Each structure stands twice: as C-alpha cells, then as structure tokens.
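What follows is the content of start14.cif, which has mmCIF, C-alpha atoms:
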data_work
#
loop_
_atom_site.label_atom_id
_atom_site.label_comp_id
_atom_site.auth_asym_id
_atom_site.auth_seq_id
_atom_site.Cartn_x
_atom_site.Cartn_y
_atom_site.Cartn_z
CA MET A 136 213.28 52.23 -143.91
CA PRO A 137 212.72 53.32 -147.52
CA GLY A 138 215.60 55.29 -148.93
CA ASN A 139 218.23 54.03 -146.46
CA HIS A 140 220.10 52.35 -149.30
CA VAL A 141 220.46 55.56 -151.28
CA THR A 142 223.81 56.63 -149.88
CA ASN A 143 227.11 57.86 -151.23
CA HIS A 144 229.76 55.60 -152.70
CA GLY A 145 233.01 55.78 -154.61
CA HIS A 146 235.68 58.46 -154.76
CA LEU A 147 233.23 61.38 -155.00
CA THR A 148 232.04 61.15 -151.42
CA LEU A 149 230.48 63.34 -148.80
CA GLY A 150 233.08 64.97 -146.62
CA ALA A 151 235.64 64.99 -149.41
CA PRO A 152 238.64 67.33 -149.01
CA MET A 153 238.24 70.98 -149.85
CA ASP A 154 241.30 71.04 -152.16
CA SER A 155 239.29 69.53 -155.03
CA ALA A 156 238.49 71.52 -158.17
CA LEU A 157 235.12 72.28 -156.61
CA ALA A 158 233.91 71.36 -153.15
CA THR A 159 231.20 72.22 -150.65
CA ASP A 160 231.03 71.61 -146.93
CA ASN A 161 227.59 71.70 -145.29
CA LEU A 162 226.49 74.38 -147.77
CA THR A 163 223.06 75.76 -146.95
CA CYS A 164 220.82 78.41 -148.50
CA ARG A 165 217.51 79.70 -147.15
CA TYR A 166 214.80 81.84 -148.71
CA GLY A 167 212.91 83.06 -145.67
CA ARG A 168 211.88 79.94 -143.81
CA THR A 169 212.43 77.69 -146.82
CA GLU A 170 215.70 75.79 -146.95
CA ALA A 171 216.43 75.61 -150.67
CA VAL A 172 219.72 73.77 -150.17
CA SER A 173 220.38 71.89 -146.95
CA GLY A 174 223.80 70.86 -145.69
CA LEU A 175 225.23 69.99 -149.10
CA THR A 176 228.69 68.42 -149.00
CA LEU A 177 230.44 67.11 -152.09
CA ALA A 178 233.69 67.31 -154.02
CA VAL A 179 234.54 67.18 -157.70
CA GLU A 180 238.07 66.19 -158.62
CA PRO A 181 240.10 68.08 -161.25
CA GLY A 182 239.29 66.92 -164.77
CA ALA A 183 236.03 65.21 -163.81
CA LEU A 184 232.80 65.62 -165.79
CA PHE A 185 230.19 65.82 -163.04
CA ALA A 186 226.41 66.18 -163.42
CA LEU A 187 224.19 67.40 -160.59
CA LEU A 188 220.79 65.92 -161.32
CA GLY A 189 217.38 66.54 -159.85
CA PRO A 190 213.82 67.54 -160.67
CA ASN A 191 212.85 71.17 -161.18
CA GLY A 192 213.00 73.01 -157.88
CA ALA A 193 215.41 70.51 -156.31
CA GLY A 194 218.07 73.15 -155.56
CA LYS A 195 220.44 72.74 -158.51
CA THR A 196 220.41 76.38 -159.63
CA THR A 197 220.63 77.67 -156.06
CA THR A 198 223.68 75.49 -155.51
CA ILE A 199 225.38 76.82 -158.62
CA ARG A 200 224.56 80.42 -157.75
CA MET A 201 226.26 79.95 -154.39
CA LEU A 202 229.26 78.38 -156.09
CA MET A 203 229.48 81.31 -158.52
CA ASN A 204 229.18 83.94 -155.73
CA ILE A 205 225.81 85.13 -157.00
CA LEU A 206 224.10 84.03 -153.77
CA ARG A 207 225.58 84.07 -150.28
CA PRO A 208 225.13 80.82 -148.36
CA ALA A 209 223.29 80.99 -145.06
CA SER A 210 225.91 78.64 -143.63
CA GLY A 211 228.60 76.25 -144.73
CA ARG A 212 231.39 76.80 -147.20
CA ALA A 213 232.34 76.21 -150.82
CA THR A 214 235.64 76.42 -152.65
CA VAL A 215 236.06 76.80 -156.39
CA LEU A 216 239.55 76.16 -157.81
CA GLY A 217 240.86 76.52 -154.27
CA VAL A 218 239.21 79.90 -153.62
CA ASP A 219 236.38 80.51 -151.17
CA SER A 220 233.30 81.01 -153.35
CA ARG A 221 232.47 84.23 -151.48
CA ARG A 222 235.76 85.70 -152.73
CA LEU A 223 235.38 84.86 -156.41
CA GLY A 224 235.96 87.91 -158.58
CA ALA A 225 237.25 89.03 -161.95
CA ALA A 226 240.64 87.32 -161.55
CA GLN A 227 239.06 83.94 -160.82
CA PHE A 228 236.43 84.19 -163.55
CA LYS A 229 239.18 84.44 -166.14
CA THR A 230 239.62 80.68 -165.61
CA ILE A 231 235.95 79.77 -165.04
CA GLY A 232 233.38 79.38 -167.80
CA TYR A 233 229.76 79.84 -166.68
CA VAL A 234 226.66 79.43 -168.85
CA SER A 235 223.16 79.36 -167.37
CA GLU A 236 219.69 78.70 -168.72
CA ASN A 237 218.58 82.30 -168.21
CA GLN A 238 221.80 84.01 -169.27
CA GLN A 239 221.19 87.23 -171.16
CA LEU A 240 223.46 88.32 -174.01
CA PRO A 241 223.31 91.81 -175.59
CA SER A 242 220.72 91.35 -178.32
CA TRP A 243 222.03 94.25 -180.40
CA MET A 244 225.52 92.75 -180.75
CA THR A 245 226.50 90.49 -183.61
CA VAL A 246 228.17 87.20 -182.73
CA GLY A 247 231.42 88.58 -184.13
CA ALA A 248 231.15 91.69 -181.98
CA LEU A 249 230.49 89.57 -178.88
CA VAL A 250 233.63 87.55 -179.56
CA ALA A 251 235.67 90.71 -180.15
CA TYR A 252 234.34 92.23 -176.92
CA CYS A 253 235.17 89.16 -174.82
CA ARG A 254 238.63 88.47 -176.27
CA PRO A 255 240.62 91.21 -174.39
CA TRP A 256 239.25 90.17 -170.99
CA TYR A 257 240.85 86.72 -171.07
CA PRO A 258 244.65 86.32 -171.34
CA SER A 259 244.21 82.66 -172.31
CA TRP A 260 241.81 83.41 -175.21
CA ASP A 261 242.51 81.01 -178.10
CA ASP A 262 241.53 82.46 -181.50
CA ALA A 263 241.99 79.12 -183.25
CA LEU A 264 239.66 77.39 -180.80
CA CYS A 265 237.16 80.24 -181.14
CA ARG A 266 237.08 79.86 -184.93
CA LYS A 267 236.66 76.11 -184.59
CA LEU A 268 233.74 76.50 -182.17
CA LEU A 269 232.04 79.04 -184.42
CA ALA A 270 232.34 76.62 -187.31
CA ASP A 271 231.30 73.54 -185.30
CA PHE A 272 228.21 75.31 -183.96
CA ASP A 273 227.52 76.85 -187.40
CA LEU A 274 227.22 80.32 -185.86
CA PRO A 275 226.81 83.27 -188.28
CA THR A 276 229.16 85.97 -187.02
CA THR A 277 227.36 88.85 -188.79
CA THR A 278 223.92 88.10 -187.33
CA THR A 279 222.78 89.99 -184.25
CA ILE A 280 222.19 87.85 -181.17
CA GLY A 281 218.59 89.02 -180.92
CA ARG A 282 217.82 87.43 -184.29
CA LEU A 283 219.31 84.04 -183.41
CA SER A 284 217.26 81.03 -182.40
CA ARG A 285 217.47 80.06 -178.73
CA GLY A 286 219.79 77.19 -179.61
CA MET A 287 222.13 79.53 -181.46
CA ARG A 288 222.08 82.01 -178.55
CA VAL A 289 223.15 79.18 -176.25
CA ALA A 290 225.89 78.29 -178.74
CA ALA A 291 227.09 81.92 -178.74
CA ALA A 292 227.23 81.92 -174.94
CA LEU A 293 229.19 78.68 -175.03
CA VAL A 294 231.72 80.03 -177.53
CA SER A 295 232.34 83.11 -175.38
CA SER A 296 232.87 80.84 -172.34
CA LEU A 297 234.99 78.14 -173.97
CA ALA A 298 237.36 80.07 -176.22
CA TYR A 299 239.62 81.04 -173.31
CA ARG A 300 240.04 77.37 -172.27
CA PRO A 301 238.63 77.59 -168.74
CA LYS A 302 239.94 75.30 -166.04
CA LEU A 303 236.38 74.88 -164.78
CA LEU A 304 233.19 74.94 -166.84
CA VAL A 305 229.92 75.42 -164.95
CA LEU A 306 226.72 74.80 -166.91
CA ASP A 307 223.34 75.47 -165.29
CA GLU A 308 220.69 73.81 -167.49
CA PRO A 309 221.76 75.72 -170.61
CA PHE A 310 220.32 73.06 -172.92
CA SER A 311 216.85 72.94 -171.34
CA GLY A 312 213.98 73.34 -173.80
CA LEU A 313 216.12 73.12 -176.94
CA ASP A 314 215.24 71.11 -179.99
CA PRO A 315 216.46 67.53 -179.27
CA VAL A 316 218.85 67.47 -182.22
CA VAL A 317 220.35 70.88 -181.35
CA ARG A 318 220.59 69.90 -177.69
CA ASP A 319 222.34 66.64 -178.49
CA ASP A 320 224.83 68.39 -180.79
CA LEU A 321 225.66 71.05 -178.19
CA VAL A 322 225.94 68.65 -175.25
CA ARG A 323 228.11 66.25 -177.20
CA GLY A 324 230.29 69.02 -178.62
CA VAL A 325 230.88 70.75 -175.29
CA LEU A 326 231.44 67.68 -173.13
CA GLU A 327 233.63 65.91 -175.66
CA LEU A 328 235.78 69.04 -175.95
CA ALA A 329 235.97 69.31 -172.17
CA GLY A 330 237.01 65.68 -171.95
CA GLU A 331 239.72 66.13 -174.55
CA GLU A 332 241.03 69.27 -172.82
CA GLN A 333 240.70 67.71 -169.34
CA TRP A 334 238.67 70.64 -168.09
CA THR A 335 236.58 70.14 -164.97
CA VAL A 336 232.85 70.34 -165.76
CA PHE A 337 230.03 70.87 -163.26
CA LEU A 338 226.74 70.47 -165.09
CA SER A 339 223.23 70.74 -163.65
CA SER A 340 220.44 69.09 -165.57
CA HIS A 341 217.17 67.21 -165.45
CA ASP A 342 217.73 65.90 -169.00
CA LEU A 343 219.46 62.62 -168.25
CA ASP A 344 219.73 60.88 -171.59
CA GLU A 345 222.16 63.39 -173.09
CA VAL A 346 224.60 63.50 -170.19
CA GLU A 347 224.67 59.78 -169.40
CA ARG A 348 226.99 58.95 -172.28
CA LEU A 349 229.54 61.61 -171.42
CA VAL A 350 229.85 62.30 -167.67
CA ASP A 351 232.08 60.49 -165.17
CA ALA A 352 230.00 60.93 -162.05
CA VAL A 353 226.63 62.21 -160.90
CA GLY A 354 224.95 63.60 -157.83
CA PHE A 355 221.22 63.41 -157.14
CA ILE A 356 219.63 66.32 -155.26
CA ASP A 357 216.02 66.33 -154.08
CA LEU A 358 214.25 69.07 -152.10
CA GLY A 359 217.62 70.69 -151.40
CA THR A 360 219.19 67.53 -149.98
CA LEU A 361 221.98 65.62 -151.68
CA VAL A 362 220.79 62.03 -151.94
CA LEU A 363 223.96 60.54 -153.38
CA THR A 364 227.12 61.36 -155.28
CA GLU A 365 228.82 58.53 -157.09
CA PRO A 366 230.83 57.52 -160.16
CA LEU A 367 228.43 56.64 -162.95
CA ALA A 368 230.08 53.27 -163.51
CA ASP A 369 229.40 52.30 -159.88
CA LEU A 370 225.72 53.23 -160.24
CA HIS A 371 225.41 51.10 -163.35
CA ALA A 372 227.07 48.20 -161.54
CA ARG A 373 224.79 48.18 -158.51
CA PHE A 374 221.34 49.04 -159.92
CA ARG A 375 219.17 46.39 -161.58
CA ARG A 376 215.50 46.05 -162.40
CA VAL A 377 214.34 42.65 -161.17
CA GLU A 378 211.28 40.62 -162.24
CA VAL A 379 210.24 37.51 -160.32
CA THR A 380 207.62 35.16 -161.81
CA ILE A 381 205.85 32.50 -159.75
CA ASP A 382 203.68 29.55 -160.83
CA SER A 383 200.59 30.74 -159.00
CA VAL A 384 199.47 33.63 -156.84
CA ALA A 385 199.98 32.64 -153.22
CA SER A 386 197.73 33.75 -150.40
CA GLY A 387 198.92 35.04 -147.07
CA GLU A 388 201.46 37.65 -146.13
CA VAL A 389 203.57 39.40 -148.71
CA PRO A 390 207.28 38.93 -147.94
CA ALA A 391 208.99 41.98 -146.49
CA PRO A 392 211.37 43.59 -149.00
CA GLU A 393 215.06 43.68 -148.25
CA PRO A 394 216.57 47.11 -147.44
CA SER A 395 218.22 47.35 -150.86
CA TRP A 396 214.96 46.76 -152.77
CA ILE A 397 212.84 49.74 -153.81
CA GLY A 398 209.70 50.24 -155.86
CA LEU A 399 208.22 46.83 -155.01
CA GLN A 400 205.18 46.06 -157.21
CA HIS A 401 202.98 42.97 -157.53
CA ALA A 402 200.94 42.24 -160.67
CA GLY A 403 199.41 38.79 -160.81
CA ARG A 404 202.22 36.26 -160.88
CA VAL A 405 204.93 38.86 -161.43
CA THR A 406 206.74 40.88 -158.76
CA ARG A 407 208.99 43.74 -159.83
CA PHE A 408 211.45 45.85 -157.88
CA VAL A 409 214.73 47.73 -158.22
CA GLU A 410 217.80 46.22 -156.57
CA THR A 411 220.26 48.92 -155.47
CA ARG A 412 222.99 46.52 -154.27
CA TYR A 413 223.13 44.02 -157.10
CA VAL A 414 225.42 40.99 -156.70
CA ASP A 415 225.45 38.59 -159.61
CA GLY A 416 223.76 35.34 -158.62
CA GLU A 417 223.19 36.39 -155.01
CA THR A 418 220.42 38.86 -155.89
CA GLU A 419 218.64 36.22 -157.96
CA ARG A 420 218.93 33.67 -155.15
CA ARG A 421 217.50 36.04 -152.55
CA ALA A 422 214.65 37.12 -154.82
CA ARG A 423 213.72 33.53 -155.62
CA GLY A 424 213.77 32.62 -151.93
CA ALA A 425 211.70 35.63 -150.86
CA PHE A 426 208.89 35.13 -153.34
CA GLY A 427 209.09 31.45 -154.15
CA GLY A 428 209.73 32.44 -157.74
CA THR A 429 210.33 29.96 -160.50
CA ARG A 430 212.00 32.54 -162.76
CA VAL A 431 214.06 35.61 -161.90
CA GLU A 432 215.20 38.06 -164.57
CA VAL A 433 217.46 41.06 -164.06
CA PHE A 434 217.85 44.02 -166.39
CA ALA A 435 220.42 46.80 -166.59
CA MET A 436 219.04 50.30 -166.00
CA THR A 437 219.60 53.65 -167.64
CA LEU A 438 220.47 56.70 -165.59
CA ARG A 439 216.95 58.00 -166.15
CA GLU A 440 215.42 54.77 -164.82
CA MET A 441 217.65 54.87 -161.75
CA PHE A 442 216.81 58.50 -161.08
CA VAL A 443 213.06 57.87 -161.38
CA ALA A 444 213.30 54.88 -159.03
CA ILE A 445 215.18 56.91 -156.41
CA ALA A 446 212.85 59.90 -156.72
CA ARG A 447 209.74 57.73 -156.34
CA ASP A 448 211.21 55.92 -153.36
CA ARG A 449 211.93 59.20 -151.62
CA ARG A 450 208.49 60.57 -152.43
CA GLU A 451 206.78 57.49 -151.01
CA ALA A 452 208.90 57.67 -147.86
CA ARG A 453 207.77 61.23 -147.06
CA PRO A 454 205.21 61.63 -144.27
#

As structure tokens, please, write out the structure in this file.
Amino acid sequence: MPGNHVTNHGHLTLGAPMDSALATDNLTCRYGRTEAVSGLTLAVEPGALFALLGPNGAGKTTTIRMLMNILRPASGRATVLGVDSRRLGAAQFKTIGYVSENQQLPSWMTVGALVAYCRPWYPSWDDALCRKLLADFDLPTTTTIGRLSRGMRVAAALVSSLAYRPKLLVLDEPFSGLDPVVRDDLVRGVLELAGEEQWTVFLSSHDLDEVERLVDAVGFIDLGTLVLTEPLADLHARFRRVEVTIDSVASGEVPAPEPSWIGLQHAGRVTRFVETRYVDGETERRARGAFGGTRVEVFAMTLREMFVAIARDRREARP
C-alpha cells in the first residue's frame, strides 16, 4: 500500500522514553470534531537540534502549544525537561526559550528597555551573551519595537529568549515570511549558537532549505499525524531519486512498483520514482530487472525533495 514505507527509524523513535528533553506519548488535540493532532508520540534527546516539518495546517503549532501548556491535550501526555507539560509554569520557563511566529512584543518599548525588563526574571541571564546577540543581529537598542522591521522584531524576541541560556529552545515558525537573507542570517545564528551551547532545540517549520544544514533530526507531520521521525543522516542515506531508461517503449502491463518505491512516473522511455530504502547496487539491479532498463541513474535528494515526495505519496493514498 502507498505510504507503508514511510515509518520511523533511528534513535528518535516512536514510543521513546519520557525522560528525554522533550517527549510526547499519544498526544492528541481536538477542536470540536476535528482532530488537529492525533496520537503523536516522539522524543527529542538532550542537546539535539530537531525540526518538526509539515505543510501549513499540519498540526505543528498545535503540537507546540500543547508542549508549552498553552493548549490542554484532549488525551495523551507530554513532558518538557522532565515536567508534565500541563504543570509548566514560571519556574520552568526560566530555562525554556519560546519564540513563535505570532508573538507580540510591547511596541512602545525600546529594544534596550525590553532587555532591561527581561533581565531580572532570569537568574541565568548572561549580559555578555546579550550584548553579543544585539551586535550580531545589528539591533538598535534605542529604537522602539513598533518601528522595527518584522525581521528585527523577531531578532529582538530571540535576544530576549536566548540571553538567559535556556536548556530548551522552542521555535514555532518565527522565520516565516522574512526576507530570505534576514531569515538565513537568523536561522544560522540561532542554530549555530544552540549547537555550540548544546541546547536542545525544537523547531517547527515548512521552510526546509534553511534548517537542513543545521538540524540533527526531523519529524514529518501531516494532517495531525506523525509520519516519521528520524535522524537527518539516515534520511539522506535511504532516499534516492531513480531514473530508468529503456531502449524502446514496451507494450503490455506496467510492472508493479516495489513497496519502497513512491511517486512512480512514466514519460516515454524514462521511468522515474523515489526509492525510500536505497541499497547501493541492489536498488539499481531491482530497477533494471523491473523495467528492462538499459540505464539506471540514482540521485541524492534534498530534504525538501524528500518531504515533497512523502507528502504527495500520502495525498495520493487518501480515499
């Protein structure tokens, strides 16, 4: 059946222990009769840079709001730094940084005033790191937040969430809609800093190019259901785009695809598909045998290409 191959692999697996930096067990959220998140189970180990990916409306923000105790789950459980998410409060948020796409900062405050306001709330506040972030993000401390560009407002929110060196950084699409150069600078700056400091990062995004270079592992969520969660290196190892070329177009039945092949397309003498269980040499042999091909070429795939292939496969499998 289509989609059967899209399962979970590696050390970030479904049913992982709840003593991870962040974990969920059968987490579910409903809006009326609509199940926005359905039975989500995953774990993120301490120090990991994890990206939860999915199209708009997939359930990423709902998941994060449950993790941050903004929404109550209908069922299931989540733990954040060892604490039940439903019990997160001021004490826990002193070690958690949270920046969301729709976060509102007081527009009348200057950046300097925002920093001064936040500093006393966090015992671990690092003035040296704060000054470095302000300089790296080129933030004017005397300008009111309301007069900043959206990119600079995001940078201000990041400074106020990073300067106290959080153990866990949760980012809900904060870079969405930014100028590509600004977005790249912020993503790189934040994730590289988190990697150096060995903070745990849980990032939701549908912008795949920026996070691919910097995260350790990803999860794909679609229509509220977790499709997979896997180390990025394992995904890159097992996904390949395959092209098979034959001498002439044969008549008769089209060979049935193997369970690990998705997105099968025929165009003249060329057949294309995505192999989700690539084995060097073996995949080429099976493809040549299935289609009588005279030439088989395989190509590495980007995270974006893998995500699109999985999303299309799931869409085509729906009734």

Got a sec to resolve the PyMOL selection byres ((chain A and resi 346) around 12) on this structure and send the residues as a PyMOL selection string? chain A and resi 184-188+306+308+310+318-327+336-345+347-353+367+437-439

Starting from the PyMOL selection byres ((chain A and resi 299) around 6), expand the selection into actual residues of this file and give them as a list in words.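 With the shown file as input, the PyMOL selection byres ((chain A and resi 299) around 6) matches Ser259, Trp260, Asp261, Leu297, Ala298, Arg300 and Pro301 of chain A.
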
Compile the contact shell of region 208-221 of chain A as a list in words: residues with an atom at most 6 Å away, counting only C-alpha atoms, same-chain residues fewer than 5 positions apart removed.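 Counting only C-alpha atoms, the residues come to Asp154, Ala156, Leu157, Ala158, Thr159, Asp160, Asn161, Leu162, Thr163, Cys164 and Leu202 of chain A.
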
Ranking A:Ala422, A:Met436, A:Gln239, A:Ile397 by minimum distance to Glu410 (chain A) and counting only C-alpha atoms, which one comes first?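 For Glu410 (chain A), the nearest of the candidates is A:Ile397.
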
Could you spell out the hits of the PyMOL selection byres ((chain A and resi 276) around 10) on the shown file, as a VMD selection string? chain A and resid 244 to 250 269 to 270 273 to 275 277 to 280 291

To one decimal in Å, tell me the separation between CA of Val179 (chain A) and CA of Ser155 (chain A). 5.9 Å

Neighbourhood query: residues within 6 Å of (214.0, 46.7, -161.4), file coordinates, counting all atoms listed in the file; return as a ChimeraX atom specification. /A:375-377,408-409

Check the smallest atom-to-atom distance from each of A:Gln227, A:Val443, A:Ala183, A:Arg453 to Pro366 (chain A) using all atoms listed in the file, then report the winner.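 Checking each candidate against Pro366 (chain A), we get A:Ala183 as the closest.
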
Straight-line distance linking CA of Gly359 (chain A) with CA of Glu170 (chain A), stated in Å to one decimal: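 Taking CA of Gly359 (chain A) and CA of Glu170 (chain A), their separation equals 7.0 Å.
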
Give me, please, the distance in Å between CA of Ile356 (chain A) and CA of Val317 (chain A), quoted to one decimal. 26.5 Å

Closest to Arg450 (chain A) among A:Glu393, A:Glu365, A:Asp357, A:Asp314, using only C-alpha atoms? A:Asp357

Which one of A:Ser296, A:Glu432, A:Trp334, A:Leu175 sits closest to Asp415 (chain A) if you count all atoms listed in the file?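 Checking each of A:Ser296, A:Glu432, A:Trp334, A:Leu175 against Asp415 (chain A), counting all atoms listed in the file, the winner is A:Glu432.
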
I need the residue nearest Gly330 (chain A) from this list: A:Gly312, A:Pro181, A:Pro241, A:Gly281. Use only C-alpha atoms for the distance. A:Pro181
